[in-house]
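J.: Structure file input-v4.txt, compact mmCIF, C-alpha atoms, is pasted below:
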```
# COMPACT_ATOMS: atom_id res chain seq x y z
CA MET A 26 -2.13 -46.12 -57.80
CA PRO A 27 -1.44 -47.28 -54.23
CA ASN A 28 -3.93 -49.54 -52.60
CA PRO A 29 -5.83 -47.55 -49.92
CA ASP A 30 -5.69 -50.55 -47.64
CA THR A 31 -1.94 -50.42 -47.62
CA ILE A 32 -1.78 -46.70 -46.75
CA ARG A 33 -0.82 -46.31 -43.10
CA HIS A 34 -1.07 -43.13 -41.16
CA ARG A 35 2.34 -42.21 -40.00
CA SER A 36 2.62 -41.90 -36.28
CA LEU A 37 5.45 -40.80 -33.99
CA ARG A 38 6.47 -44.44 -33.62
CA ASP A 39 7.17 -44.61 -37.36
CA LEU A 40 9.61 -41.72 -37.24
CA HIS A 41 13.31 -42.18 -36.87
CA PRO A 42 14.06 -42.31 -33.10
CA VAL A 43 16.28 -39.23 -33.24
CA VAL A 44 13.62 -37.20 -35.06
CA ALA A 45 10.96 -38.38 -32.60
CA VAL A 46 13.03 -37.37 -29.57
CA ALA A 47 13.87 -34.01 -31.16
CA THR A 48 10.17 -33.36 -31.84
CA VAL A 49 9.21 -34.13 -28.24
CA VAL A 50 12.04 -31.98 -26.86
CA PHE A 51 11.02 -29.13 -29.16
CA ALA A 52 7.38 -29.37 -28.05
CA VAL A 53 8.38 -29.36 -24.39
CA LEU A 54 10.62 -26.34 -24.93
CA VAL A 55 7.83 -24.45 -26.70
CA VAL A 56 5.35 -25.15 -23.88
CA ALA A 57 7.94 -24.21 -21.21
CA GLY A 58 8.73 -21.02 -23.12
CA VAL A 59 5.06 -20.02 -23.29
CA ILE A 60 4.59 -20.72 -19.56
CA LEU A 61 7.73 -18.72 -18.77
CA LEU A 62 6.52 -15.87 -20.94
CA ILE A 63 3.16 -15.80 -19.18
CA ARG A 64 4.79 -16.04 -15.75
CA THR A 65 7.24 -13.21 -16.43
CA GLN A 66 4.43 -10.90 -17.50
CA PRO A 67 3.44 -9.01 -14.35
CA ARG A 68 -0.15 -9.60 -13.33
CA ILE A 69 -1.66 -6.18 -12.88
CA ALA A 70 -5.12 -5.12 -11.72
CA CYS A 71 -6.87 -1.85 -11.10
CA VAL A 72 -9.20 -0.75 -8.33
CA ARG A 73 -11.48 2.28 -8.27
CA SER A 74 -10.43 3.41 -4.82
CA GLN A 75 -13.30 5.81 -4.19
CA ILE A 76 -15.92 3.19 -5.06
CA LEU A 77 -14.12 0.58 -2.96
CA ILE A 78 -13.84 2.74 0.16
CA GLY A 79 -17.24 4.37 -0.29
CA HIS A 80 -19.08 1.06 -0.55
CA TYR A 81 -17.10 -0.78 2.11
CA ALA A 82 -19.41 -1.70 5.00
CA GLY A 83 -16.58 -0.95 7.45
CA MET A 84 -16.41 2.64 6.22
CA THR A 85 -20.20 3.06 6.36
CA GLU A 86 -20.30 1.85 9.97
CA ALA A 87 -17.27 3.93 10.94
CA ARG A 88 -19.00 7.03 9.54
CA GLN A 89 -22.15 6.22 11.49
CA THR A 90 -20.12 5.80 14.68
CA PHE A 91 -18.36 9.10 14.02
CA ASP A 92 -21.66 10.89 13.31
CA SER A 93 -23.30 9.67 16.51
CA MET A 94 -20.19 10.70 18.48
CA THR A 95 -20.13 14.20 17.03
CA LYS A 96 -23.88 14.53 17.58
CA VAL A 97 -23.29 14.14 21.34
CA TRP A 98 -20.41 16.64 21.30
CA TYR A 99 -22.36 19.23 19.34
CA ALA A 100 -25.36 18.80 21.61
CA GLU A 101 -23.08 19.86 24.49
CA LEU A 102 -21.93 22.86 22.47
CA ASP A 103 -25.54 23.76 21.70
CA THR A 104 -26.24 23.83 25.44
CA LEU A 105 -23.38 26.31 25.95
CA LYS A 106 -24.63 28.46 23.07
CA HIS A 107 -28.12 28.38 24.51
CA ASP A 108 -26.78 29.46 27.94
CA TYR A 109 -25.00 32.39 26.32
CA GLN A 110 -28.05 33.42 24.28
CA THR A 111 -30.32 33.27 27.35
CA ALA A 112 -27.89 35.40 29.39
CA TYR A 113 -27.59 37.89 26.53
CA ASP A 114 -31.38 38.21 26.11
CA ARG A 115 -31.83 38.69 29.84
CA TYR A 116 -29.09 41.33 29.89
CA LYS A 117 -30.86 43.23 27.09
CA ILE A 118 -34.15 43.21 29.00
CA ASP A 119 -32.51 44.22 32.31
CA TYR A 120 -30.13 46.78 30.78
CA GLN A 121 -32.18 49.92 31.54
CA THR A 122 -32.75 48.96 35.16
CA LEU A 123 -29.14 47.97 35.90
CA SER A 124 -26.66 50.27 37.67
CA VAL A 125 -23.33 50.95 35.92
CA PRO A 126 -21.32 48.54 38.11
CA ASP A 127 -23.99 45.81 37.55
CA ARG A 128 -23.87 46.39 33.81
CA LYS A 129 -20.10 45.95 33.91
CA LYS A 130 -20.44 42.76 35.93
CA ARG A 131 -23.11 41.29 33.64
CA SER A 132 -21.16 42.31 30.55
CA ALA A 133 -18.05 40.55 31.88
CA GLU A 134 -20.14 37.45 32.54
CA LEU A 135 -21.41 37.58 28.96
CA ASP A 136 -17.85 37.91 27.64
CA TRP A 137 -16.81 34.86 29.64
CA LEU A 138 -19.75 32.86 28.28
CA GLU A 139 -19.00 33.95 24.72
CA ASN A 140 -15.33 33.03 25.08
CA ASN A 141 -16.36 29.71 26.51
CA VAL A 142 -18.48 28.98 23.44
CA GLN A 143 -15.61 29.98 21.16
CA ARG A 144 -13.10 27.85 23.05
CA HIS A 145 -15.41 24.85 22.94
CA THR A 146 -16.09 25.33 19.22
CA GLU A 147 -12.36 25.36 18.48
CA THR A 148 -11.69 22.35 20.70
CA LEU A 149 -14.56 20.48 19.12
CA THR A 150 -13.42 21.23 15.58
CA GLN A 151 -9.96 19.89 16.41
CA LYS A 152 -11.31 16.86 18.26
CA SER A 153 -13.67 16.13 15.41
CA LYS A 154 -10.88 16.32 12.82
CA SER A 155 -8.57 14.12 14.85
CA GLU A 156 -11.30 11.52 15.52
CA GLU A 157 -12.29 11.45 11.85
CA ALA A 158 -8.66 10.90 10.86
CA LYS A 159 -8.35 8.11 13.43
CA ILE A 160 -11.51 6.39 12.21
CA THR A 161 -10.45 6.64 8.57
CA GLU A 162 -7.02 5.28 9.47
CA GLY A 163 -8.60 2.23 11.10
CA VAL A 164 -10.74 1.55 8.04
CA MET A 165 -7.78 1.98 5.70
CA ARG A 166 -5.80 -0.53 7.74
CA GLN A 167 -8.58 -3.08 7.23
CA VAL A 168 -8.84 -2.30 3.50
CA ASN A 169 -5.09 -2.48 2.94
CA THR A 170 -4.84 -5.80 4.77
CA ILE A 171 -7.59 -7.35 2.64
CA ILE A 172 -6.13 -5.95 -0.61
CA GLU A 173 -2.75 -7.38 0.31
CA LYS A 174 -4.25 -10.80 1.05
CA TYR A 175 -6.40 -10.71 -2.09
CA GLY A 176 -3.36 -9.82 -4.19
CA ARG A 177 -1.33 -12.65 -2.70
CA ASP A 178 -4.12 -15.23 -2.98
CA ASN A 179 -4.87 -14.30 -6.59
CA ASP A 180 -1.25 -14.04 -7.64
CA TYR A 181 -1.21 -10.36 -8.54
CA ASP A 182 2.10 -8.55 -8.83
CA VAL A 183 0.63 -5.06 -8.74
CA ILE A 184 -2.77 -3.67 -7.77
CA LEU A 185 -3.15 -0.06 -8.79
CA GLY A 186 -5.62 2.30 -7.21
CA THR A 187 -7.34 4.88 -9.37
CA THR A 188 -7.79 8.06 -7.40
CA LEU A 189 -9.21 11.50 -8.09
CA SER A 190 -5.67 12.80 -8.36
CA GLY A 191 -5.45 10.53 -11.41
CA SER A 192 -2.41 8.28 -11.30
CA VAL A 193 -4.07 5.77 -13.66
CA LEU A 194 -5.69 7.36 -16.70
CA TYR A 195 -7.06 4.26 -18.37
CA ALA A 196 -7.51 0.60 -17.51
CA ARG A 197 -9.25 -2.11 -19.50
CA GLU A 198 -12.40 -3.34 -17.80
CA ALA A 199 -10.94 -6.84 -17.68
CA ILE A 200 -8.33 -5.83 -15.15
CA ASP A 201 -10.70 -3.80 -12.96
CA ILE A 202 -11.17 -5.92 -9.83
CA THR A 203 -13.14 -3.36 -7.79
CA ASP A 204 -16.33 -5.45 -7.60
CA ASP A 205 -14.54 -8.67 -6.64
CA LEU A 206 -12.45 -6.92 -4.06
CA LEU A 207 -15.47 -5.13 -2.61
CA LYS A 208 -17.27 -8.46 -2.27
CA GLU A 209 -14.23 -9.88 -0.46
CA LEU A 210 -13.98 -6.83 1.80
CA ASN A 211 -17.62 -6.84 2.82
CA SER A 212 -17.83 -10.58 3.40
CA SER A 213 -14.76 -10.52 5.62
CA TYR A 214 -16.11 -7.51 7.52
CA ARG A 215 -19.37 -9.09 8.59
CA PRO A 216 -20.26 -12.63 7.45
CA ALA A 217 -23.71 -13.08 5.92
CA SER A 218 -24.40 -15.77 8.52
CA PHE A 219 -25.71 -13.12 10.93
CA THR A 220 -29.36 -13.72 10.10
CA GLY A 221 -32.53 -15.36 11.42
CA SER A 222 -33.45 -16.29 14.95
CA ARG A 223 -34.58 -19.30 16.86
CA MET B 103 3.89 -57.60 18.24
CA THR B 104 1.99 -59.68 20.71
CA LEU B 105 -1.79 -59.77 20.90
CA ILE B 106 -1.74 -57.99 24.26
CA SER B 107 0.42 -55.14 23.04
CA ARG B 108 -1.77 -54.80 19.94
CA ALA B 109 -4.85 -54.59 22.13
CA TYR B 110 -3.11 -52.05 24.34
CA MET B 111 -2.23 -49.93 21.29
CA ALA B 112 -5.82 -50.07 20.05
CA VAL B 113 -7.18 -48.97 23.44
CA ALA B 114 -4.62 -46.16 23.70
CA LEU B 115 -5.44 -44.98 20.18
CA ALA B 116 -9.15 -45.05 20.89
CA ALA B 117 -8.60 -43.08 24.09
CA LEU B 118 -6.54 -40.52 22.16
CA ILE B 119 -9.22 -40.12 19.48
CA VAL B 120 -11.98 -39.75 22.07
CA GLY B 121 -9.83 -37.36 24.08
CA CYS B 122 -8.93 -35.13 21.16
CA GLY B 123 -12.00 -35.04 19.03
CA GLY B 124 -14.96 -35.58 21.29
CA THR B 125 -17.11 -33.20 23.26
CA PRO B 126 -15.61 -31.02 25.95
CA ASN B 127 -14.66 -32.70 29.18
CA GLY B 128 -13.57 -31.45 32.58
CA ASP B 129 -9.96 -30.58 31.81
CA ASN B 130 -9.41 -26.81 31.61
CA VAL B 131 -6.43 -26.91 29.25
CA HIS B 132 -8.20 -29.44 27.08
CA ASN B 133 -11.32 -27.31 27.01
CA ARG B 134 -9.47 -24.12 26.12
CA SER B 135 -7.90 -25.93 23.18
CA TRP B 136 -11.25 -27.50 22.25
CA LEU B 137 -12.81 -24.03 22.28
CA SER B 138 -9.88 -22.62 20.31
CA ASP B 139 -10.52 -25.00 17.43
CA PRO B 140 -12.28 -22.80 14.82
CA SER B 141 -14.35 -25.76 13.59
CA HIS B 142 -16.22 -25.75 16.92
CA GLY B 143 -17.40 -22.20 16.26
CA ALA B 144 -16.46 -20.79 19.65
CA VAL B 145 -13.62 -18.65 18.34
CA GLN B 146 -13.55 -16.04 15.61
CA VAL B 147 -10.37 -14.41 14.34
CA LYS B 148 -9.62 -11.21 12.43
CA GLU B 149 -6.24 -10.08 11.18
CA VAL B 150 -5.52 -6.46 10.38
CA ASP B 151 -2.18 -4.80 9.78
CA GLY B 152 -0.16 -7.59 11.37
CA LEU B 153 -2.37 -7.77 14.44
CA ARG B 154 -4.55 -10.76 15.28
CA LEU B 155 -7.76 -10.07 17.16
CA SER B 156 -9.71 -13.03 18.36
CA ALA B 157 -12.93 -13.40 20.27
CA GLN B 158 -13.55 -16.64 22.11
CA PHE B 159 -16.70 -17.74 23.83
CA VAL B 160 -15.92 -19.02 27.32
CA PRO B 161 -18.45 -21.10 29.26
CA VAL B 162 -19.09 -19.81 32.77
CA ALA B 163 -17.83 -23.01 34.41
CA LEU B 164 -14.50 -22.82 32.59
CA LEU B 165 -14.08 -19.15 33.44
CA ILE B 166 -14.70 -19.86 37.10
CA GLU B 167 -12.34 -22.85 37.18
CA GLU B 168 -9.56 -20.86 35.52
CA GLU B 169 -10.05 -18.01 37.95
CA VAL B 170 -10.02 -20.35 40.95
CA ARG B 171 -6.87 -22.11 39.76
CA ALA B 172 -5.07 -18.86 38.91
CA SER B 173 -5.73 -17.32 42.29
CA GLY B 174 -5.40 -20.56 44.26
CA GLY B 175 -8.81 -19.97 45.79
CA GLY B 176 -11.16 -22.58 47.14
CA ALA B 177 -14.85 -23.35 47.37
CA SER B 178 -15.81 -19.92 48.75
CA LEU B 179 -14.17 -18.14 45.81
CA ARG B 180 -15.87 -20.56 43.44
CA ASP B 181 -19.23 -19.74 45.02
CA SER B 182 -18.73 -15.98 44.86
CA LEU B 183 -17.60 -16.25 41.21
CA ARG B 184 -20.66 -18.34 40.43
CA LEU B 185 -22.73 -15.53 41.89
CA ALA B 186 -20.87 -12.91 39.84
CA TYR B 187 -20.84 -14.75 36.50
CA GLY B 188 -24.00 -16.81 36.89
CA GLY B 189 -26.38 -16.39 33.97
CA SER B 190 -23.86 -14.38 31.98
CA LEU B 191 -22.41 -14.90 28.54
CA ASN B 192 -18.65 -14.46 28.45
CA PHE B 193 -16.04 -13.85 25.80
CA THR B 194 -12.32 -13.27 25.85
CA ILE B 195 -10.96 -10.83 23.32
CA THR B 196 -7.29 -11.28 22.59
CA PHE B 197 -4.89 -8.88 20.90
CA GLN B 198 -1.66 -10.40 19.66
CA ALA B 199 0.86 -10.20 16.82
CA ALA B 200 -0.34 -12.08 13.73
CA ASP B 201 3.01 -13.69 13.00
CA THR B 202 5.31 -15.46 15.36
CA PRO B 203 8.48 -13.38 15.08
CA SER B 204 11.86 -15.09 14.92
CA VAL B 205 13.12 -12.65 17.52
CA PRO B 206 10.97 -12.59 20.67
CA GLN B 207 9.03 -9.36 20.97
CA GLY B 208 7.67 -7.61 24.01
CA ASP B 209 4.18 -6.80 25.10
CA VAL B 210 1.89 -6.28 22.11
CA THR B 211 0.68 -3.04 23.73
CA MET B 212 4.06 -1.53 22.86
CA ARG B 213 3.55 -2.23 19.18
CA GLY B 214 4.16 0.93 17.12
CA VAL B 215 4.33 3.07 20.25
CA SER B 216 6.86 5.86 20.16
CA SER B 217 6.62 7.29 23.66
CA TYR B 218 5.94 6.24 27.20
CA GLY B 219 2.89 8.53 27.27
CA ALA B 220 1.38 6.75 24.28
CA TYR B 221 2.01 3.39 25.97
CA VAL B 222 0.28 4.57 29.14
CA ASP B 223 -2.66 5.87 27.07
CA ARG B 224 -3.05 2.45 25.47
CA THR B 225 -2.87 0.61 28.74
CA MET B 226 -5.44 2.96 30.28
CA ALA B 227 -7.71 2.54 27.27
CA LEU B 228 -7.43 -1.24 27.50
CA ASN B 229 -8.22 -1.24 31.19
CA PHE B 230 -10.91 1.42 31.35
CA ASP B 231 -12.25 2.48 27.94
CA MET B 232 -12.67 -0.73 25.96
CA LYS B 233 -15.85 -1.68 27.80
CA GLU B 234 -17.65 1.21 26.09
CA GLN B 235 -16.46 0.03 22.70
CA ILE B 236 -17.91 -3.47 22.87
CA SER B 237 -21.47 -4.57 22.22
CA LEU B 238 -23.38 -7.70 21.37
CA LYS B 239 -26.14 -7.77 18.76
CA THR B 240 -28.79 -10.36 18.07
CA PRO B 241 -30.61 -10.80 14.73
CA LEU B 242 -33.89 -9.60 16.27
CA GLY B 243 -32.34 -6.20 16.97
CA GLY B 244 -31.22 -6.77 20.56
CA LEU B 245 -28.27 -4.64 21.58
CA TYR B 246 -26.37 -5.50 24.76
CA ARG B 247 -23.50 -3.79 26.52
CA PRO B 248 -21.05 -5.70 28.70
CA SER B 249 -21.71 -5.52 32.39
CA LEU B 250 -18.10 -6.39 33.14
CA ALA B 251 -14.79 -6.02 31.28
CA ILE B 252 -11.56 -7.16 32.88
CA ALA B 253 -8.16 -6.76 31.22
CA GLU B 254 -5.42 -9.24 32.03
CA SER B 255 -1.93 -7.80 32.03
CA SER B 256 -0.50 -10.99 30.55
CA TYR B 257 -1.27 -14.64 30.26
CA GLY B 258 1.23 -17.46 30.26
CA PHE B 259 4.34 -16.70 28.23
CA SER B 260 2.37 -14.93 25.56
CA THR B 261 2.97 -11.31 24.69
CA GLY B 262 -0.70 -10.80 23.87
CA ARG B 263 -3.31 -9.01 25.92
CA ARG B 264 -6.61 -10.48 26.90
CA LEU B 265 -9.86 -8.80 27.81
CA THR B 266 -12.68 -10.79 29.36
CA VAL B 267 -16.16 -9.38 28.85
CA ALA B 268 -19.35 -10.59 30.48
CA PHE B 269 -22.86 -9.89 29.23
CA ALA B 270 -25.63 -10.26 31.77
CA ASP B 271 -28.34 -12.50 30.36
CA PRO B 272 -30.84 -13.21 33.14
CA GLU B 273 -33.71 -13.96 30.74
CA GLY B 274 -31.60 -16.05 28.36
CA LYS B 275 -32.43 -13.82 25.38
CA ILE B 276 -28.81 -13.72 24.22
CA ARG B 277 -28.29 -17.44 24.78
CA ASP B 278 -31.34 -18.32 22.65
CA ALA B 279 -30.40 -16.16 19.67
CA ALA B 280 -29.77 -17.86 16.33
CA SER B 281 -26.53 -15.97 15.96
CA LEU B 282 -24.56 -13.37 17.85
CA ASP B 283 -22.56 -10.46 16.53
CA LEU B 284 -19.88 -9.34 18.96
CA VAL B 285 -18.87 -5.86 17.86
CA VAL B 286 -15.50 -4.54 18.98
CA ARG B 287 -14.18 -1.11 18.11
CA ASP B 288 -10.45 -1.30 18.51
CA ILE B 289 -9.29 1.96 20.09
CA ILE B 290 -6.05 0.39 21.31
CA PHE B 291 -4.34 -0.31 17.98
CA ASN B 292 -6.84 1.58 15.83
CA THR B 293 -7.67 -1.26 13.46
CA GLY B 294 -11.31 -0.26 13.01
CA ILE B 295 -14.56 -1.93 13.97
CA HIS B 296 -14.65 -5.73 14.07
CA HIS B 297 -17.63 -8.05 13.86
CA PHE B 298 -17.19 -11.49 15.38
CA VAL B 299 -20.23 -13.46 14.30
CA PHE B 300 -21.03 -16.65 16.23
CA ASP B 301 -23.56 -19.32 15.43
CA GLY B 302 -25.97 -19.67 18.35
CA GLU B 303 -26.26 -23.44 18.06
CA GLN B 304 -22.48 -23.91 18.17
CA LEU B 305 -22.24 -21.70 21.25
CA ARG B 306 -24.96 -23.71 22.99
CA THR B 307 -22.94 -26.85 22.28
CA ALA B 308 -19.76 -25.24 23.61
CA ALA B 309 -21.62 -24.11 26.73
CA THR B 310 -22.28 -27.74 27.73
CA TYR B 311 -18.82 -27.84 29.24
CA LYS B 312 -18.79 -29.39 32.69
CA ALA B 313 -15.99 -28.54 35.05
CA GLU B 314 -14.38 -31.43 36.84
```
Written as structure tokens, how would this file's structure read?

T.:
Amino acid sequence: MPNPDTIRHRSLRDLHPVVAVATVVFAVLVVAGVILLIRTQPRIACVRSQILIGHYAGMTEARQTFDSMTKVWYAELDTLKHDYQTAYDRYKIDYQTLSVPDRKKRSAELDWLENNVQRHTETLTQKSKSEEAKITEGVMRQVNTIIEKYGRDNDYDVILGTTLSGSVLYAREAIDITDDLLKELNSSYRPASFTGSR
Amino acid sequence: MTLISRAYMAVALAALIVGCGGTPNGDNVHNRSWLSDPSHGAVQVKEVDGLRLSAQFVPVALLIEEEVRASGGGASLRDSLRLAYGGSLNFTITFQAADTPSVPQGDVTMRGVSSYGAYVDRTMALNFDMKEQISLKTPLGGLYRPSLAIAESSYGFSTGRRLTVAFADPEGKIRDAASLDLVVRDIIFNTGIHHFVFDGEQLRTAATYKAE
């Protein structure tokens, strides 16, 4: 029976030098291999695009700007429509008392007013579409810039966007970065420091 | 090293530290660079789609001195500018490329432009329409529109474009605000709406500039 006092725990120093070196080299290689394996795995994240854009303060403000712009335009159109309606009502009242040439003249005036309303409606629809596209484009430029920066800063290789057209069918919650990205987007849009007063 | 030269070095070093890190002094170039230091809170920067937009608070005295020097004017010009800018709050909004390209590029207004007509539209918008797209908000709900917006065609050797906007503030309501939100809707490069938020206290410090 060996004396417990004489039992020594074997440490690396007690090993044969060659075995010790080989053990260390092996350990280093294993660690390097694991790191390499992790690094070569692409870092992928998912974003719910609709939520991101819909809750982005920049988009909300852009929509408000667009709405107040179109409100002014449509108010102008309403004035034209009102002018036409007034002229039409007056024509109906005066119709019986008007001579044939006067009826023709008034009718032509009404046609011109009606065409004017139609022309303005078409122009406005086009202008509205083009302005909406422009505003959305501006917001998307901001969003894309922040996503790019976020991806770089957080070492992502790919950030996928889930859209209604459905390019990503499933993503584990762990890789969904929508909330983090939204926080980043909104804080870079307008800092929270805009509060209080002297 | 002799004692005299050591003393000289110490004095020179002290002068350098005071000159670089202290409060603004009367030198225009020095003051522009002092104001351009983000830690002083007088400049805010946004980068979108390779474009850098910055808004810099400019004290009235500095604006006047720069104007006088640029046009070679004298005391009468200084007086008339004092009358024009007096009691106003001024900012310069700069549009420039975010990266310094290895190959020199032209005027930033030409960026992504495919026709001469589009270039002219941009230049016209910069000169005449941007004023309507800028506002200043205070936390208490104050909304101010610029009373003046002047576009510079170029400055120095830079390819950027600069727009100086002045907000009339006769009652000092803007100056006394805890913070200011300069809102700029970029209709030149279509990069959306930008909020440049300034701390009121930092702007009041920056405004203590005294021209030489």

J.: Skip stretch 160-166 of chain B itself and residues of its chain fewer than 2 positions away, then list as a VMD selection string all residues within 10 Å of it, counting only C-alpha atoms.

T.: chain B and resid 128 to 131 133 to 134 137 to 138 144 to 145 157 to 158 168 to 172 179 to 184 186 to 194 266 to 268 305 to 306 308 to 314

J.: Save out the residues we just selected, C-alpha atoms, as a CSV table (one decimal), in the coordinates of the input.

T.:
```csv
chain,number,residue,atom,x,y,z
B,128,GLY,CA,-13.6,-31.4,32.6
B,129,ASP,CA,-10.0,-30.6,31.8
B,130,ASN,CA,-9.4,-26.8,31.6
B,131,VAL,CA,-6.4,-26.9,29.2
B,133,ASN,CA,-11.3,-27.3,27.0
B,134,ARG,CA,-9.5,-24.1,26.1
B,137,LEU,CA,-12.8,-24.0,22.3
B,138,SER,CA,-9.9,-22.6,20.3
B,144,ALA,CA,-16.5,-20.8,19.6
B,145,VAL,CA,-13.6,-18.6,18.3
B,157,ALA,CA,-12.9,-13.4,20.3
B,158,GLN,CA,-13.6,-16.6,22.1
B,168,GLU,CA,-9.6,-20.9,35.5
B,169,GLU,CA,-10.0,-18.0,38.0
B,170,VAL,CA,-10.0,-20.4,41.0
B,171,ARG,CA,-6.9,-22.1,39.8
B,172,ALA,CA,-5.1,-18.9,38.9
B,179,LEU,CA,-14.2,-18.1,45.8
B,180,ARG,CA,-15.9,-20.6,43.4
B,181,ASP,CA,-19.2,-19.7,45.0
B,182,SER,CA,-18.7,-16.0,44.9
B,183,LEU,CA,-17.6,-16.2,41.2
B,184,ARG,CA,-20.7,-18.3,40.4
B,186,ALA,CA,-20.9,-12.9,39.8
B,187,TYR,CA,-20.8,-14.8,36.5
B,188,GLY,CA,-24.0,-16.8,36.9
B,189,GLY,CA,-26.4,-16.4,34.0
B,190,SER,CA,-23.9,-14.4,32.0
B,191,LEU,CA,-22.4,-14.9,28.5
B,192,ASN,CA,-18.6,-14.5,28.4
B,193,PHE,CA,-16.0,-13.8,25.8
B,194,THR,CA,-12.3,-13.3,25.8
B,266,THR,CA,-12.7,-10.8,29.4
B,267,VAL,CA,-16.2,-9.4,28.8
B,268,ALA,CA,-19.4,-10.6,30.5
B,305,LEU,CA,-22.2,-21.7,21.2
B,306,ARG,CA,-25.0,-23.7,23.0
B,308,ALA,CA,-19.8,-25.2,23.6
B,309,ALA,CA,-21.6,-24.1,26.7
B,310,THR,CA,-22.3,-27.7,27.7
B,311,TYR,CA,-18.8,-27.8,29.2
B,312,LYS,CA,-18.8,-29.4,32.7
B,313,ALA,CA,-16.0,-28.5,35.0
B,314,GLU,CA,-14.4,-31.4,36.8
```

J.: Hey, what's within 12 Å of stretch 90-93 of chain A if we count all atoms listed in the file and toss same-chain stuff fewer than 2 positions away? As JSON, numbers by chain, please?

T.: {"A": [83, 84, 85, 86, 87, 88, 95, 96, 97, 98, 99, 100, 152, 153, 154, 155, 156, 157, 158, 159, 160, 161], "B": [235, 287, 294, 295]}

J.: Would you work out the distance separating atom CA of B:Ile195 from atom CA of B:Leu155, expressed in Å to one decimal?

T.: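 Distance between the two atoms: 7.0 Å.
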
J.: Report, in Å to a single decimal, how far apart atom CA of B:Ile252 and atom CA of A:Ala82 are.

T.: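 The value is 29.5 Å.
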
J.: Which residues come within 8 Å of B:Phe300, counting all atoms listed in the file, excluding same-chain residues fewer than 3 positions away, as a compact mmCIF listing (two decimals) with C-alpha atoms, in the coordinates of the input?

T.:
```
# COMPACT_ATOMS: atom_id res chain seq x y z
CA PHE A 219 -25.71 -13.12 10.93
CA GLY B 143 -17.40 -22.20 16.26
CA ALA B 144 -16.46 -20.79 19.65
CA VAL B 145 -13.62 -18.65 18.34
CA GLN B 146 -13.55 -16.04 15.61
CA SER B 281 -26.53 -15.97 15.96
CA LEU B 282 -24.56 -13.37 17.85
CA ASP B 283 -22.56 -10.46 16.53
CA LEU B 284 -19.88 -9.34 18.96
CA GLN B 304 -22.48 -23.91 18.17
CA LEU B 305 -22.24 -21.70 21.25
```

J.: Could you jot down the atom CA of B:His142 to atom CA of B:Val285 separation for me, Å, one decimal place?

T.: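 These two atoms are separated by 20.1 Å.
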
J.: Output as a VMD selection string the set of chain B residues within 9 Å of chain A, with distances taken over all atoms listed in the file.

T.: chain B and resid 148 to 152 240 to 242 278 to 283 288 291 to 302

J.: Okay, now the selection with C-alpha atoms, as a PDB file, keeping the file's coordinate frame?

T.:
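Heads up, here's the output in part10.pdb:
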```pdb
ATOM      1  CA  LYS B 148      -9.620 -11.210  12.430  1.00  0.00           C
ATOM      2  CA  GLU B 149      -6.240 -10.080  11.180  1.00  0.00           C
ATOM      3  CA  VAL B 150      -5.520  -6.460  10.380  1.00  0.00           C
ATOM      4  CA  ASP B 151      -2.180  -4.800   9.780  1.00  0.00           C
ATOM      5  CA  GLY B 152      -0.160  -7.590  11.370  1.00  0.00           C
ATOM      6  CA  THR B 240     -28.790 -10.360  18.070  1.00  0.00           C
ATOM      7  CA  PRO B 241     -30.610 -10.800  14.730  1.00  0.00           C
ATOM      8  CA  LEU B 242     -33.890  -9.600  16.270  1.00  0.00           C
ATOM      9  CA  ASP B 278     -31.340 -18.320  22.650  1.00  0.00           C
ATOM     10  CA  ALA B 279     -30.400 -16.160  19.670  1.00  0.00           C
ATOM     11  CA  ALA B 280     -29.770 -17.860  16.330  1.00  0.00           C
ATOM     12  CA  SER B 281     -26.530 -15.970  15.960  1.00  0.00           C
ATOM     13  CA  LEU B 282     -24.560 -13.370  17.850  1.00  0.00           C
ATOM     14  CA  ASP B 283     -22.560 -10.460  16.530  1.00  0.00           C
ATOM     15  CA  ASP B 288     -10.450  -1.300  18.510  1.00  0.00           C
ATOM     16  CA  PHE B 291      -4.340  -0.310  17.980  1.00  0.00           C
ATOM     17  CA  ASN B 292      -6.840   1.580  15.830  1.00  0.00           C
ATOM     18  CA  THR B 293      -7.670  -1.260  13.460  1.00  0.00           C
ATOM     19  CA  GLY B 294     -11.310  -0.260  13.010  1.00  0.00           C
ATOM     20  CA  ILE B 295     -14.560  -1.930  13.970  1.00  0.00           C
ATOM     21  CA  HIS B 296     -14.650  -5.730  14.070  1.00  0.00           C
ATOM     22  CA  HIS B 297     -17.630  -8.050  13.860  1.00  0.00           C
ATOM     23  CA  PHE B 298     -17.190 -11.490  15.380  1.00  0.00           C
ATOM     24  CA  VAL B 299     -20.230 -13.460  14.300  1.00  0.00           C
ATOM     25  CA  PHE B 300     -21.030 -16.650  16.230  1.00  0.00           C
ATOM     26  CA  ASP B 301     -23.560 -19.320  15.430  1.00  0.00           C
ATOM     27  CA  GLY B 302     -25.970 -19.670  18.350  1.00  0.00           C
TER      28      GLY B 302
END
```

J.: Out of B:Leu250, B:Leu265, B:Ala270, B:Ala200, which residue has the shortest atom-to-atom distance to B:Leu228 when counting only C-alpha atoms?

T.: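 Closest to B:Leu228, using only C-alpha atoms: B:Leu265.
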
J.: When distances are computed from only C-alpha atoms, which of A:Ile184, A:Ile200, A:Leu138, A:Ile76 shows the smallest separation from A:Leu105?

T.: A:Leu138
